[in-house]
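Colleague: So I've got this file, target-v4.csv, and it contains CSV, C-alpha atoms:
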chain,number,residue,atom,x,y,z
A,1,MET,CA,122.9,134.7,134.4
A,2,GLN,CA,123.8,137.9,132.4
A,3,THR,CA,123.9,138.7,128.7
A,4,ASP,CA,124.0,141.9,126.6
A,5,ILE,CA,121.1,140.8,124.3
A,6,LEU,CA,118.3,138.4,125.1
A,7,ILE,CA,116.4,137.0,122.2
A,8,VAL,CA,113.0,135.5,123.0
A,9,GLY,CA,111.7,132.9,120.6
A,10,ALA,CA,113.6,130.5,118.3
A,11,GLY,CA,111.4,130.7,115.3
A,12,LEU,CA,112.8,131.9,112.0
A,13,SER,CA,113.3,135.5,113.1
A,14,GLY,CA,115.0,134.6,116.4
A,15,LEU,CA,117.3,132.1,114.7
A,16,VAL,CA,118.3,134.7,112.1
A,17,LEU,CA,119.0,137.2,114.9
A,18,ALA,CA,121.1,134.7,116.9
A,19,SER,CA,123.0,133.6,113.8
A,20,GLU,CA,123.9,137.2,112.9
A,21,LEU,CA,124.8,138.1,116.4
A,22,ALA,CA,127.0,135.0,116.6
A,23,ARG,CA,128.7,136.0,113.4
A,24,ARG,CA,129.3,139.5,114.7
A,25,GLY,CA,130.7,138.2,118.0
A,26,ASP,CA,128.1,139.9,120.1
A,27,ASP,CA,127.1,138.7,123.6
A,28,TYR,CA,123.6,137.2,123.4
A,29,LEU,CA,121.3,134.4,124.6
A,30,LEU,CA,118.4,132.9,122.7
A,31,VAL,CA,115.6,131.3,124.8
A,32,GLU,CA,112.6,129.3,123.5
A,33,ALA,CA,109.6,128.0,125.4
A,34,ARG,CA,109.0,125.0,123.1
A,35,ASN,CA,111.2,121.9,123.2
A,36,ARG,CA,112.2,122.5,119.6
A,37,ILE,CA,113.4,125.2,117.3
A,38,GLY,CA,111.4,126.6,114.4
A,39,GLY,CA,108.3,128.1,116.0
A,40,ARG,CA,105.5,128.0,113.4
A,41,ILE,CA,107.9,126.5,110.9
A,42,LEU,CA,107.5,122.7,111.2
A,43,SER,CA,108.3,120.1,108.6
A,44,VAL,CA,107.7,116.4,109.5
A,45,GLU,CA,108.5,113.1,107.8
A,46,SER,CA,106.0,110.4,107.1
A,47,ALA,CA,105.5,108.0,110.1
A,48,GLN,CA,105.2,105.1,107.7
A,49,ALA,CA,108.2,102.9,108.3
A,50,GLY,CA,110.5,102.4,105.3
A,51,ARG,CA,108.7,105.1,103.2
A,52,ALA,CA,110.8,107.7,101.5
A,53,ALA,CA,107.9,110.1,101.4
A,54,GLY,CA,109.7,113.3,102.0
A,55,ARG,CA,108.7,116.0,104.5
A,56,PHE,CA,105.5,117.9,104.9
A,57,ASP,CA,105.2,121.5,106.0
A,58,LEU,CA,102.7,121.7,108.8
A,59,GLY,CA,103.2,125.5,109.1
A,60,PRO,CA,103.9,127.8,106.2
A,61,SER,CA,104.2,126.1,102.8
A,62,TRP,CA,105.3,128.6,100.2
A,63,ILE,CA,107.5,131.5,99.3
A,64,TRP,CA,107.0,133.8,96.3
A,65,PRO,CA,109.2,135.5,93.7
A,66,GLY,CA,109.8,139.1,94.6
A,67,GLN,CA,110.8,138.3,98.2
A,68,PRO,CA,114.5,139.2,98.2
A,69,ARG,CA,115.4,138.3,101.8
A,70,ILE,CA,114.3,134.7,101.7
A,71,ALA,CA,115.7,134.3,98.2
A,72,GLY,CA,119.1,135.5,99.4
A,73,LEU,CA,119.0,133.4,102.6
A,74,LEU,CA,118.2,130.2,100.6
A,75,GLN,CA,121.1,130.9,98.2
A,76,GLU,CA,123.4,131.5,101.2
A,77,LEU,CA,122.3,128.3,102.9
A,78,GLU,CA,122.4,126.4,99.6
A,79,ILE,CA,118.8,125.2,99.8
A,80,ASP,CA,116.9,124.6,96.5
A,81,VAL,CA,113.3,125.4,95.7
A,82,PHE,CA,110.7,124.0,93.3
A,83,GLU,CA,107.5,125.3,91.8
A,84,GLN,CA,104.2,124.4,93.4
A,85,TYR,CA,102.5,121.8,91.1
A,86,SER,CA,99.8,123.7,89.2
A,87,LYS,CA,99.2,121.7,86.0
A,88,GLY,CA,95.6,120.6,85.4
A,89,ARG,CA,92.2,121.6,86.6
A,90,LEU,CA,90.9,122.8,89.9
A,91,VAL,CA,88.1,121.0,91.7
A,92,TYR,CA,85.2,123.1,93.1
A,93,GLN,CA,82.6,121.9,95.7
A,94,ASP,CA,79.6,124.1,96.3
A,95,GLU,CA,77.5,124.6,99.4
A,96,SER,CA,75.4,121.5,98.6
A,97,GLY,CA,78.4,119.3,98.1
A,98,ALA,CA,78.1,119.1,94.3
A,99,VAL,CA,81.5,118.9,92.6
A,100,ARG,CA,82.9,120.3,89.4
A,101,ARG,CA,86.3,119.4,87.9
A,102,ASP,CA,86.4,121.7,84.9
A,103,TYR,CA,88.0,124.9,86.2
A,104,ASP,CA,91.2,125.5,84.2
A,105,PHE,CA,93.3,127.6,86.6
A,106,SER,CA,95.5,127.2,89.7
A,107,THR,CA,95.2,129.2,92.8
A,108,MET,CA,98.9,128.9,93.7
A,109,ALA,CA,100.6,129.0,90.3
A,110,GLY,CA,104.0,130.7,90.5
A,111,SER,CA,104.5,130.0,94.2
A,112,LEU,CA,107.6,128.2,95.3
A,113,ARG,CA,108.2,125.4,97.8
A,114,ILE,CA,111.5,124.4,99.6
A,115,GLU,CA,113.1,121.1,99.0
A,116,GLY,CA,113.3,119.1,102.2
A,117,GLY,CA,110.6,121.3,103.8
A,118,ILE,CA,110.9,124.8,105.2
A,119,SER,CA,112.5,123.4,108.4
A,120,SER,CA,115.6,123.0,106.3
A,121,ILE,CA,116.1,126.7,106.8
A,122,THR,CA,115.7,126.7,110.5
A,123,GLU,CA,117.9,123.6,110.9
A,124,ARG,CA,120.8,125.1,109.0
A,125,LEU,CA,120.5,128.4,110.9
A,126,HIS,CA,120.5,126.4,114.1
A,127,ASN,CA,123.7,124.7,113.1
A,128,ARG,CA,125.4,128.2,113.0
A,129,ILE,CA,124.5,129.0,116.6
A,130,PRO,CA,126.8,127.8,119.3
A,131,SER,CA,125.0,125.4,121.6
A,132,PRO,CA,125.5,127.2,124.9
A,133,THR,CA,123.7,130.3,123.5
A,134,ILE,CA,120.4,128.7,122.8
A,135,LEU,CA,118.1,127.3,125.6
A,136,LEU,CA,115.0,125.3,124.8
A,137,GLU,CA,112.1,124.9,127.2
A,138,HIS,CA,112.9,128.3,128.7
A,139,ALA,CA,109.7,130.4,128.8
A,140,VAL,CA,109.9,134.1,129.7
A,141,THR,CA,107.3,134.9,132.4
A,142,SER,CA,108.2,138.4,133.5
A,143,ILE,CA,110.4,141.4,132.5
A,144,SER,CA,111.3,144.1,134.9
A,145,TRP,CA,113.0,147.4,134.1
A,146,ALA,CA,115.7,148.6,136.4
A,147,ARG,CA,117.8,151.6,135.4
A,148,ASP,CA,119.5,150.6,132.1
A,149,GLU,CA,119.0,146.9,132.6
A,150,PHE,CA,116.2,144.3,132.2
A,151,SER,CA,115.7,141.5,134.7
A,152,THR,CA,113.9,138.6,133.1
A,153,ARG,CA,112.3,135.7,134.9
A,154,ILE,CA,112.4,132.5,132.9
A,155,GLN,CA,110.6,129.2,133.7
A,156,THR,CA,112.7,126.1,132.9
A,157,PRO,CA,112.1,122.3,133.4
A,158,THR,CA,114.2,122.5,136.6
A,159,GLY,CA,112.7,125.7,138.0
A,160,ALA,CA,112.8,129.4,137.5
A,161,LYS,CA,115.9,131.4,136.8
A,162,THR,CA,116.7,135.1,136.2
A,163,VAL,CA,118.6,136.5,133.2
A,164,THR,CA,119.6,140.2,133.1
A,165,ALA,CA,120.2,141.9,129.8
A,166,ARG,CA,120.7,145.4,128.4
A,167,ARG,CA,118.4,144.8,125.4
A,168,ILE,CA,115.6,142.3,124.7
A,169,LEU,CA,114.5,141.2,121.2
A,170,LEU,CA,110.9,139.8,121.3
A,171,ALA,CA,110.8,137.4,118.3
A,172,ILE,CA,107.4,136.0,119.4
A,173,PRO,CA,103.9,137.2,118.4
A,174,PRO,CA,102.8,140.4,120.1
A,175,ARG,CA,99.7,138.8,121.5
A,176,LEU,CA,101.8,136.2,123.2
A,177,VAL,CA,103.9,139.0,124.7
A,178,ALA,CA,100.7,140.6,126.1
A,179,GLU,CA,99.2,137.3,127.4
A,180,SER,CA,102.2,135.4,128.8
A,181,ILE,CA,104.8,138.1,130.0
A,182,GLU,CA,104.2,140.3,133.1
A,183,PHE,CA,106.0,143.6,132.9
A,184,SER,CA,107.2,145.7,135.8
A,185,PRO,CA,106.5,148.6,135.8
A,186,GLY,CA,103.4,147.6,133.9
A,187,LEU,CA,102.8,148.6,130.2
A,188,SER,CA,100.5,151.5,129.5
A,189,ASP,CA,97.0,150.7,128.5
A,190,GLU,CA,97.7,152.0,125.0
A,191,ILE,CA,100.7,149.7,124.6
A,192,SER,CA,98.8,146.7,126.0
A,193,ALA,CA,95.9,147.3,123.7
A,194,SER,CA,98.2,147.7,120.7
A,195,LEU,CA,99.9,144.3,121.5
A,196,ALA,CA,96.6,142.5,122.0
A,197,ALA,CA,95.2,144.0,118.7
A,198,ILE,CA,97.8,142.4,116.4
A,199,PRO,CA,96.4,139.0,115.2
A,200,THR,CA,98.9,136.1,115.4
A,201,TRP,CA,99.8,134.8,112.0
A,202,MET,CA,98.4,131.2,111.4
A,203,ALA,CA,97.2,131.0,115.0
A,204,GLY,CA,93.6,130.1,114.1
A,205,HIS,CA,94.6,127.6,111.3
A,206,ALA,CA,94.7,123.9,111.2
A,207,LYS,CA,96.1,121.8,108.3
A,208,LEU,CA,95.3,118.2,107.3
A,209,PHE,CA,97.6,116.2,105.1
A,210,ALA,CA,96.5,113.0,103.3
A,211,VAL,CA,99.5,111.0,102.1
A,212,TYR,CA,99.2,108.5,99.2
A,213,ASP,CA,101.4,106.1,97.4
A,214,LYS,CA,101.3,108.3,94.4
A,215,PRO,CA,99.8,111.6,93.3
A,216,PHE,CA,96.9,109.9,91.5
A,217,TRP,CA,95.0,113.1,90.8
A,218,ARG,CA,97.6,114.2,88.3
A,219,ASP,CA,96.7,111.2,86.1
A,220,MET,CA,93.1,112.5,86.2
A,221,GLY,CA,94.3,115.9,84.8
A,222,LEU,CA,93.8,117.6,88.2
A,223,SER,CA,96.3,120.0,89.8
A,224,GLY,CA,95.4,119.0,93.4
A,225,ASP,CA,93.9,122.5,93.9
A,226,GLY,CA,90.4,122.5,95.4
A,227,ILE,CA,88.0,125.0,96.8
A,228,SER,CA,85.0,124.0,98.9
A,229,ARG,CA,82.1,125.9,100.3
A,230,CYS,CA,81.0,123.2,102.7
A,231,GLY,CA,84.2,121.8,104.1
A,232,PRO,CA,85.6,120.7,106.5
A,233,LEU,CA,88.6,121.5,104.2
A,234,MET,CA,88.0,124.9,102.5
A,235,GLU,CA,91.2,125.2,100.4
A,236,ILE,CA,93.2,122.2,99.1
A,237,HIS,CA,96.5,121.9,97.4
A,238,ASP,CA,99.0,119.3,96.1
A,239,ALA,CA,101.6,118.8,98.9
A,240,SER,CA,103.7,116.1,97.2
A,241,PRO,CA,107.4,116.5,98.1
A,242,ALA,CA,109.9,117.0,95.3
A,243,GLY,CA,111.7,113.9,94.1
A,244,ALA,CA,109.4,111.5,96.1
A,245,ASP,CA,107.2,108.8,94.5
A,246,SER,CA,104.5,109.5,97.1
A,247,GLY,CA,101.8,112.1,96.8
A,248,ALA,CA,100.0,114.3,99.3
A,249,LEU,CA,97.0,116.6,99.4
A,250,PHE,CA,96.7,119.1,102.2
A,251,GLY,CA,93.8,121.3,103.2
A,252,PHE,CA,93.2,124.3,105.4
A,253,VAL,CA,90.5,123.4,107.9
A,254,GLY,CA,87.5,125.8,107.8
A,255,LEU,CA,86.0,124.8,111.2
A,256,PRO,CA,86.2,127.1,114.2
A,257,VAL,CA,88.8,126.5,116.8
A,258,GLY,CA,87.4,124.4,119.6
A,259,SER,CA,84.6,122.9,117.4
A,260,PRO,CA,84.0,119.2,118.1
A,261,SER,CA,84.2,118.6,114.3
A,262,ARG,CA,87.7,119.9,114.4
A,263,GLU,CA,88.9,117.2,116.9
A,264,PRO,CA,91.3,114.8,115.1
A,265,GLY,CA,89.0,111.8,114.8
A,266,SER,CA,86.0,113.7,113.5
A,267,LEU,CA,88.2,115.9,111.3
A,268,LYS,CA,89.9,112.9,109.7
A,269,ALA,CA,86.6,111.2,108.9
A,270,GLY,CA,85.0,114.3,107.5
A,271,ALA,CA,88.0,115.3,105.4
A,272,LEU,CA,88.5,111.9,103.9
A,273,ALA,CA,84.8,111.7,102.9
A,274,GLN,CA,85.2,115.2,101.4
A,275,LEU,CA,88.4,114.3,99.5
A,276,GLU,CA,86.7,111.2,98.1
A,277,GLN,CA,83.8,113.4,96.8
A,278,MET,CA,86.2,115.8,95.2
A,279,PHE,CA,89.1,113.7,94.0
A,280,GLY,CA,87.5,110.2,93.6
A,281,ALA,CA,87.6,106.9,95.3
A,282,ALA,CA,91.4,106.7,95.6
A,283,ALA,CA,91.4,109.7,97.9
A,284,ALA,CA,89.5,107.8,100.6
A,285,ASP,CA,92.4,105.4,101.2
A,286,PRO,CA,95.6,107.4,102.2
A,287,VAL,CA,98.6,105.6,103.7
A,288,GLU,CA,98.7,108.3,106.4
A,289,VAL,CA,96.8,111.4,107.7
A,290,ILE,CA,98.7,114.2,109.5
A,291,ILE,CA,96.9,116.9,111.3
A,292,GLN,CA,98.4,120.1,112.8
A,293,ASP,CA,96.1,122.4,114.8
A,294,TRP,CA,97.9,125.7,115.5
A,295,GLY,CA,94.9,126.9,117.5
A,296,LYS,CA,95.8,124.3,120.2
A,297,GLU,CA,99.5,125.4,120.4
A,298,ALA,CA,99.9,127.4,123.6
A,299,CYS,CA,103.1,128.9,122.2
A,300,THR,CA,101.3,130.2,119.2
A,301,ALA,CA,97.6,131.0,119.8
A,302,VAL,CA,95.7,132.9,122.4
A,303,ALA,CA,91.9,133.1,122.9
A,304,ALA,CA,91.6,136.2,120.7
A,305,ASP,CA,93.1,134.3,117.7
A,306,ARG,CA,90.1,132.0,117.4
A,307,SER,CA,88.6,134.4,114.9
A,308,THR,CA,91.7,135.7,113.2
A,309,ALA,CA,91.3,136.8,109.6
A,310,HIS,CA,93.1,134.7,106.9
A,311,HIS,CA,95.7,137.4,106.2
A,312,PRO,CA,95.2,140.6,108.2
A,313,GLN,CA,97.1,143.9,107.9
A,314,TYR,CA,100.4,143.8,109.9
A,315,GLY,CA,103.1,146.2,111.0
A,316,LEU,CA,104.4,147.7,114.2
A,317,PRO,CA,101.8,150.1,115.8
A,318,GLN,CA,103.0,153.6,116.7
A,319,ALA,CA,102.5,153.0,120.4
A,320,LEU,CA,105.2,150.4,120.4
A,321,LEU,CA,107.9,152.4,118.7
A,322,PRO,CA,109.2,154.2,121.7
A,323,LEU,CA,110.0,151.0,123.5
A,324,ALA,CA,113.0,150.5,121.2
A,325,ASP,CA,114.6,153.5,122.8
A,326,GLN,CA,114.4,151.7,126.1
A,327,GLY,CA,116.0,148.5,124.6
A,328,LEU,CA,112.8,146.5,124.1
A,329,LEU,CA,112.4,145.6,120.4
A,330,PHE,CA,109.8,143.5,118.5
A,331,ALA,CA,111.0,141.1,115.8
A,332,SER,CA,108.2,138.7,114.7
A,333,THR,CA,106.6,138.6,111.3
A,334,GLU,CA,103.5,140.4,112.6
A,335,THR,CA,105.6,143.6,113.1
A,336,ALA,CA,107.1,143.7,109.6
A,337,PRO,CA,105.8,146.8,107.7
A,338,GLN,CA,105.8,145.3,104.2
A,339,PHE,CA,105.8,141.5,104.3
A,340,GLY,CA,104.0,140.9,107.6
A,341,GLY,CA,102.5,137.4,107.9
A,342,PHE,CA,105.0,135.9,105.4
A,343,ILE,CA,108.3,134.1,105.9
A,344,GLU,CA,109.8,137.2,104.3
A,345,GLY,CA,108.2,139.2,107.0
A,346,ALA,CA,110.1,137.3,109.7
A,347,LEU,CA,113.3,138.2,107.9
A,348,GLU,CA,112.2,141.8,107.4
A,349,ALA,CA,111.4,142.2,111.1
A,350,ALA,CA,114.8,140.6,112.1
A,351,GLU,CA,116.6,143.0,109.7
A,352,ILE,CA,114.9,146.0,111.3
A,353,ALA,CA,115.7,144.9,114.8
A,354,LEU,CA,119.3,144.3,114.0
A,355,GLY,CA,119.5,147.8,112.5
A,356,LYS,CA,118.5,149.2,115.9
A,357,LEU,CA,121.1,147.4,118.0
Could you show the structure in this file as structure tokens?
Modeller:
Amino acid sequence: MQTDILIVGAGLSGLVLASELARRGDDYLLVEARNRIGGRILSVESAQAGRAAGRFDLGPSWIWPGQPRIAGLLQELEIDVFEQYSKGRLVYQDESGAVRRDYDFSTMAGSLRIEGGISSITERLHNRIPSPTILLEHAVTSISWARDEFSTRIQTPTGAKTVTARRILLAIPPRLVAESIEFSPGLSDEISASLAAIPTWMAGHAKLFAVYDKPFWRDMGLSGDGISRCGPLMEIHDASPAGADSGALFGFVGLPVGSPSREPGSLKAGALAQLEQMFGAAAADPVEVIIQDWGKEACTAVAADRSTAHHPQYGLPQALLPLADQGLLFASTETAPQFGGFIEGALEAAEIALGKL
């Protein structure tokens, strides 16, 4: 199989790249190791039969004013946003478990959420991409340079195949590139070290959602915001979908990747006990609990991401810049110079890569 441009990764950046190349009439192929599009963007519906509970963002949750690329894309795709709920008081839990509910501020006031979940973006971009040019469950395992052409080995459900391309756009995290793709000739030590040093956005995170019949905390004068110094949830927010009667609280898990307390059963029990302490008896009885542990996603996290900082400094290291002249470009949010680690960063990285084609 042969193509001019091979895009690796069907997350937001890869889908934007493919959508634009399709619009331009370029010859390209988009491959994705997962069995779904979206990458770290993942919005799921409640599993409760017959419930119109809306969708919950298990990956990124917010966008912010002052991010022009995502604002323009949402307008183009005709997707609406709504403000993160921030009315009421914040709940604080100290190291001993003692709770206060009298803090009159919101940690996420002014942030925006997307109606229908952030997957609405990736789904509509997917609809713009001709079916034959996107292949799921296609994992790139090796890339070989030969003259002015790349030979790429790809593992599929039916066996391995080879795709040749003049240029490759790597729209996956740099650490995954370093860990999962073998290069021939091999990358220099400096390049390999630079790839491995870039933390993967969200890779060490886990999120837990507790879904309720209604957002009862609002009637208590609470915003749904919570901060805890003892966990297992360290940061909590109102995750209630727009236009739905149901309510939801979600929390970022503060337990280390691989910890027994982070296993689903233990995590659920610990989190519900904590939510009851912080938000009252009603919090102990959700209609559903949803857990997403990105640290267990082989297509997201590597071992080095177990201790990733919450929001590290991003951007493309100098050592990787010359690879663009050889036709190998990076286009994940981690490589964006201004908005790395945001949804806006995925669009920024895609924009930069397109400008070099």
Colleague: When distances are computed from only C-alpha atoms, which of A:Arg306, A:Arg262, A:His126, A:Arg24 shows the smallest separation from A:Pro199?
Modeller: A:Arg306
Colleague: Write out as a Markdown table a residue-level contact list of stretch 75-103 of chain A versus stretch 115-124 of chain A with cut-off 10 Å: for each qualifying residue the closest pair of atoms and the distance in Å to one decimal, counting only C-alpha atoms, rows sorted by chain and residue number upward.
Modeller:
| residue | atom | partner | partner_atom | distance |
| --- | --- | --- | --- | --- |
| A:Leu77 | CA | A:Arg124 | CA | 7.0 |
| A:Glu78 | CA | A:Ile121 | CA | 9.6 |
| A:Ile79 | CA | A:Glu115 | CA | 7.1 |
| A:Asp80 | CA | A:Glu115 | CA | 5.7 |
| A:Val81 | CA | A:Glu115 | CA | 5.4 |
| A:Phe82 | CA | A:Glu115 | CA | 6.8 |
Colleague: Considering only C-alpha atoms, can you say which of A:Ala47, A:Leu329, A:Leu357, A:Ile129 comes closest to A:Val211?
Modeller: A:Ala47
Colleague: Pick out the closest residue to A:Ala346 from this set: A:Ser332, A:Ser266, A:Ser144, A:Gln93. Count all atoms listed in the file.
Modeller: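 Under the stated criterion, the closest residue is A:Ser332.
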Colleague: Residues at most 8 Å from A:Arg69, counting only C-alpha atoms, excluding those fewer than 2 positions away in the same chain, as a PyMOL selection string?
Modeller: chain A and resi 67+71-73+344+347-348
Colleague: Write a file of the selected residues as a short mmCIF file (atom, residue, chain, number, x, y, z; two decimals), keeping the file's coordinate frame, keeping C-alpha atoms.
Modeller:
data_model
loop_
_atom_site.label_atom_id
_atom_site.label_comp_id
_atom_site.auth_asym_id
_atom_site.auth_seq_id
_atom_site.Cartn_x
_atom_site.Cartn_y
_atom_site.Cartn_z
CA GLN A 67 110.80 138.30 98.20
CA ALA A 71 115.70 134.30 98.20
CA GLY A 72 119.10 135.50 99.40
CA LEU A 73 119.00 133.40 102.60
CA GLU A 344 109.80 137.20 104.30
CA LEU A 347 113.30 138.20 107.90
CA GLU A 348 112.20 141.80 107.40
#
Colleague: Any idea what's packed within 12 Å of A:Gln326, counting all atoms listed in the file, ignoring anything in its chain fewer than 3 positions away? Could you give it as a PyMOL selection string?
Modeller: chain A and resi 145-150+165-169+320-323+329+356-357
Colleague: As number ranges by chain, please: the residues near A:Leu208 (cut-off 12 Å, all atoms listed in the file, same-chain neighbours under 4 positions excluded).
Modeller: A: 56-59, 232-239, 248-254, 262-265, 267-272, 275, 286, 288-294
Colleague: Between A:Ser142, A:Ser61, A:Thr333, A:Ser111, which has the minimum distance to A:Gly14 (counting all atoms listed in the file)?
Modeller: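 Of all the options, A:Thr333 lies closest to A:Gly14.
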Colleague: Of the candidates A:Ile7, A:Ala319, A:Val302, A:Leu354, which shows the shortest atom-to-atom distance to A:Ser188, using only C-alpha atoms?
Modeller: A:Ala319
Colleague: Please report the interatomic distance between atom CA of A:Val257 and atom CA of A:Gln274 in Å with one decimal.
Modeller: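 Distance between the two atoms: 19.4 Å.
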Colleague: Leaving out A:Ile198 and any residue of its chain fewer than 4 positions from it, which residues lie within 7 Å of it when counting only C-alpha atoms, given as an mmCIF file with C-alpha atoms, keeping the file's coordinate frame?
Modeller:
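Output below, filename around16.cif:
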data_model
loop_
_atom_site.group_PDB
_atom_site.id
_atom_site.type_symbol
_atom_site.label_atom_id
_atom_site.label_comp_id
_atom_site.auth_asym_id
_atom_site.auth_seq_id
_atom_site.Cartn_x
_atom_site.Cartn_y
_atom_site.Cartn_z
ATOM 1 C CA PRO A 174 102.800 140.400 120.100
ATOM 2 C CA ARG A 175 99.700 138.800 121.500
ATOM 3 C CA SER A 194 98.200 147.700 120.700
#
Colleague: At what distance in Å, to one decimal, does atom CA of A:Ala210 lie from atom CA of A:Ser46?
Modeller: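 Computing the Euclidean distance for atom CA of A:Ser46 and atom CA of A:Ala210 yields 10.6 Å.
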Colleague: Which of these, A:Ile63, A:Ser151, A:Val163, A:Gly204, has the shortest distance to A:Phe183 once you count only C-alpha atoms?
Modeller: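 Between A:Ile63, A:Ser151, A:Val163, A:Gly204, the residue approaching A:Phe183 most closely is A:Ser151.
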Colleague: Would you kindly return, as a list in words, each protein, DNA or RNA residue with an atom no farther than 7 Å from any atom of A:Ile181, considering all atoms listed in the file and excluding same-chain residues fewer than 4 positions away?
Modeller: Val140, Thr141, Ser142, Ile143 and Val177 of chain A
Colleague: Quick one: distance from atom CA of A:Asp102 to atom CA of A:Arg229 in Å, one decimal?
Modeller: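 Result for atom CA of A:Asp102 versus atom CA of A:Arg229: 16.5 Å, one decimal.
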Colleague: For stretch 142-148 of chain A, which lacks atoms in the input, supply all heavy atoms and format the output as an mmCIF file, in the coordinates of the input.
Modeller:
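Contents of the output file rebuild06.cif:
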data_model
loop_
_atom_site.group_PDB
_atom_site.id
_atom_site.type_symbol
_atom_site.label_atom_id
_atom_site.label_comp_id
_atom_site.auth_asym_id
_atom_site.auth_seq_id
_atom_site.Cartn_x
_atom_site.Cartn_y
_atom_site.Cartn_z
ATOM 1 N N SER A 142 108.285 137.019 133.045
ATOM 2 C CA SER A 142 108.200 138.400 133.500
ATOM 3 C C SER A 142 109.457 139.164 133.041
ATOM 4 O O SER A 142 110.539 138.586 132.897
ATOM 5 C CB SER A 142 108.042 138.515 134.990
ATOM 6 O OG SER A 142 109.200 138.095 135.660
ATOM 7 N N ILE A 143 109.280 140.468 132.813
ATOM 8 C CA ILE A 143 110.400 141.400 132.500
ATOM 9 C C ILE A 143 110.260 142.606 133.332
ATOM 10 O O ILE A 143 109.211 143.265 133.351
ATOM 11 C CB ILE A 143 110.338 141.767 130.974
ATOM 12 C CG1 ILE A 143 110.532 140.542 130.071
ATOM 13 C CG2 ILE A 143 111.392 142.826 130.666
ATOM 14 C CD1 ILE A 143 110.380 140.835 128.584
ATOM 15 N N SER A 144 111.324 142.938 134.045
ATOM 16 C CA SER A 144 111.300 144.100 134.900
ATOM 17 C C SER A 144 112.398 145.087 134.429
ATOM 18 O O SER A 144 113.521 144.681 134.092
ATOM 19 C CB SER A 144 111.648 143.714 136.362
ATOM 20 O OG SER A 144 110.665 142.832 136.865
ATOM 21 N N TRP A 145 112.031 146.378 134.375
ATOM 22 C CA TRP A 145 113.000 147.400 134.100
ATOM 23 C C TRP A 145 113.648 147.900 135.342
ATOM 24 O O TRP A 145 112.971 148.155 136.342
ATOM 25 C CB TRP A 145 112.289 148.607 133.401
ATOM 26 C CG TRP A 145 112.075 148.515 131.939
ATOM 27 C CD1 TRP A 145 112.992 148.709 130.964
ATOM 28 C CD2 TRP A 145 110.841 148.235 131.275
ATOM 29 N NE1 TRP A 145 112.419 148.567 129.720
ATOM 30 C CE2 TRP A 145 111.095 148.276 129.875
ATOM 31 C CE3 TRP A 145 109.547 147.953 131.711
ATOM 32 C CZ2 TRP A 145 110.101 148.052 128.930
ATOM 33 C CZ3 TRP A 145 108.562 147.717 130.773
ATOM 34 C CH2 TRP A 145 108.841 147.777 129.408
ATOM 35 N N ALA A 146 114.965 148.053 135.314
ATOM 36 C CA ALA A 146 115.700 148.600 136.400
ATOM 37 C C ALA A 146 116.883 149.391 135.901
ATOM 38 O O ALA A 146 117.850 148.792 135.427
ATOM 39 C CB ALA A 146 116.145 147.544 137.421
ATOM 40 N N ARG A 147 116.803 150.714 135.937
ATOM 41 C CA ARG A 147 117.800 151.600 135.400
ATOM 42 C C ARG A 147 118.036 151.243 133.891
ATOM 43 O O ARG A 147 117.096 151.334 133.112
ATOM 44 C CB ARG A 147 119.143 151.452 136.156
ATOM 45 C CG ARG A 147 119.005 151.809 137.643
ATOM 46 C CD ARG A 147 120.366 151.785 138.337
ATOM 47 N NE ARG A 147 120.245 152.041 139.770
ATOM 48 C CZ ARG A 147 120.050 151.108 140.670
ATOM 49 N NH1 ARG A 147 119.986 149.833 140.289
ATOM 50 N NH2 ARG A 147 119.937 151.406 141.937
ATOM 51 N N ASP A 148 119.240 150.852 133.487
ATOM 52 C CA ASP A 148 119.500 150.600 132.100
ATOM 53 C C ASP A 148 119.572 149.050 131.839
ATOM 54 O O ASP A 148 120.267 148.594 130.926
ATOM 55 C CB ASP A 148 120.836 151.204 131.646
ATOM 56 C CG ASP A 148 120.782 152.716 131.697
ATOM 57 O OD1 ASP A 148 119.692 153.265 131.453
ATOM 58 O OD2 ASP A 148 121.814 153.335 131.991
#
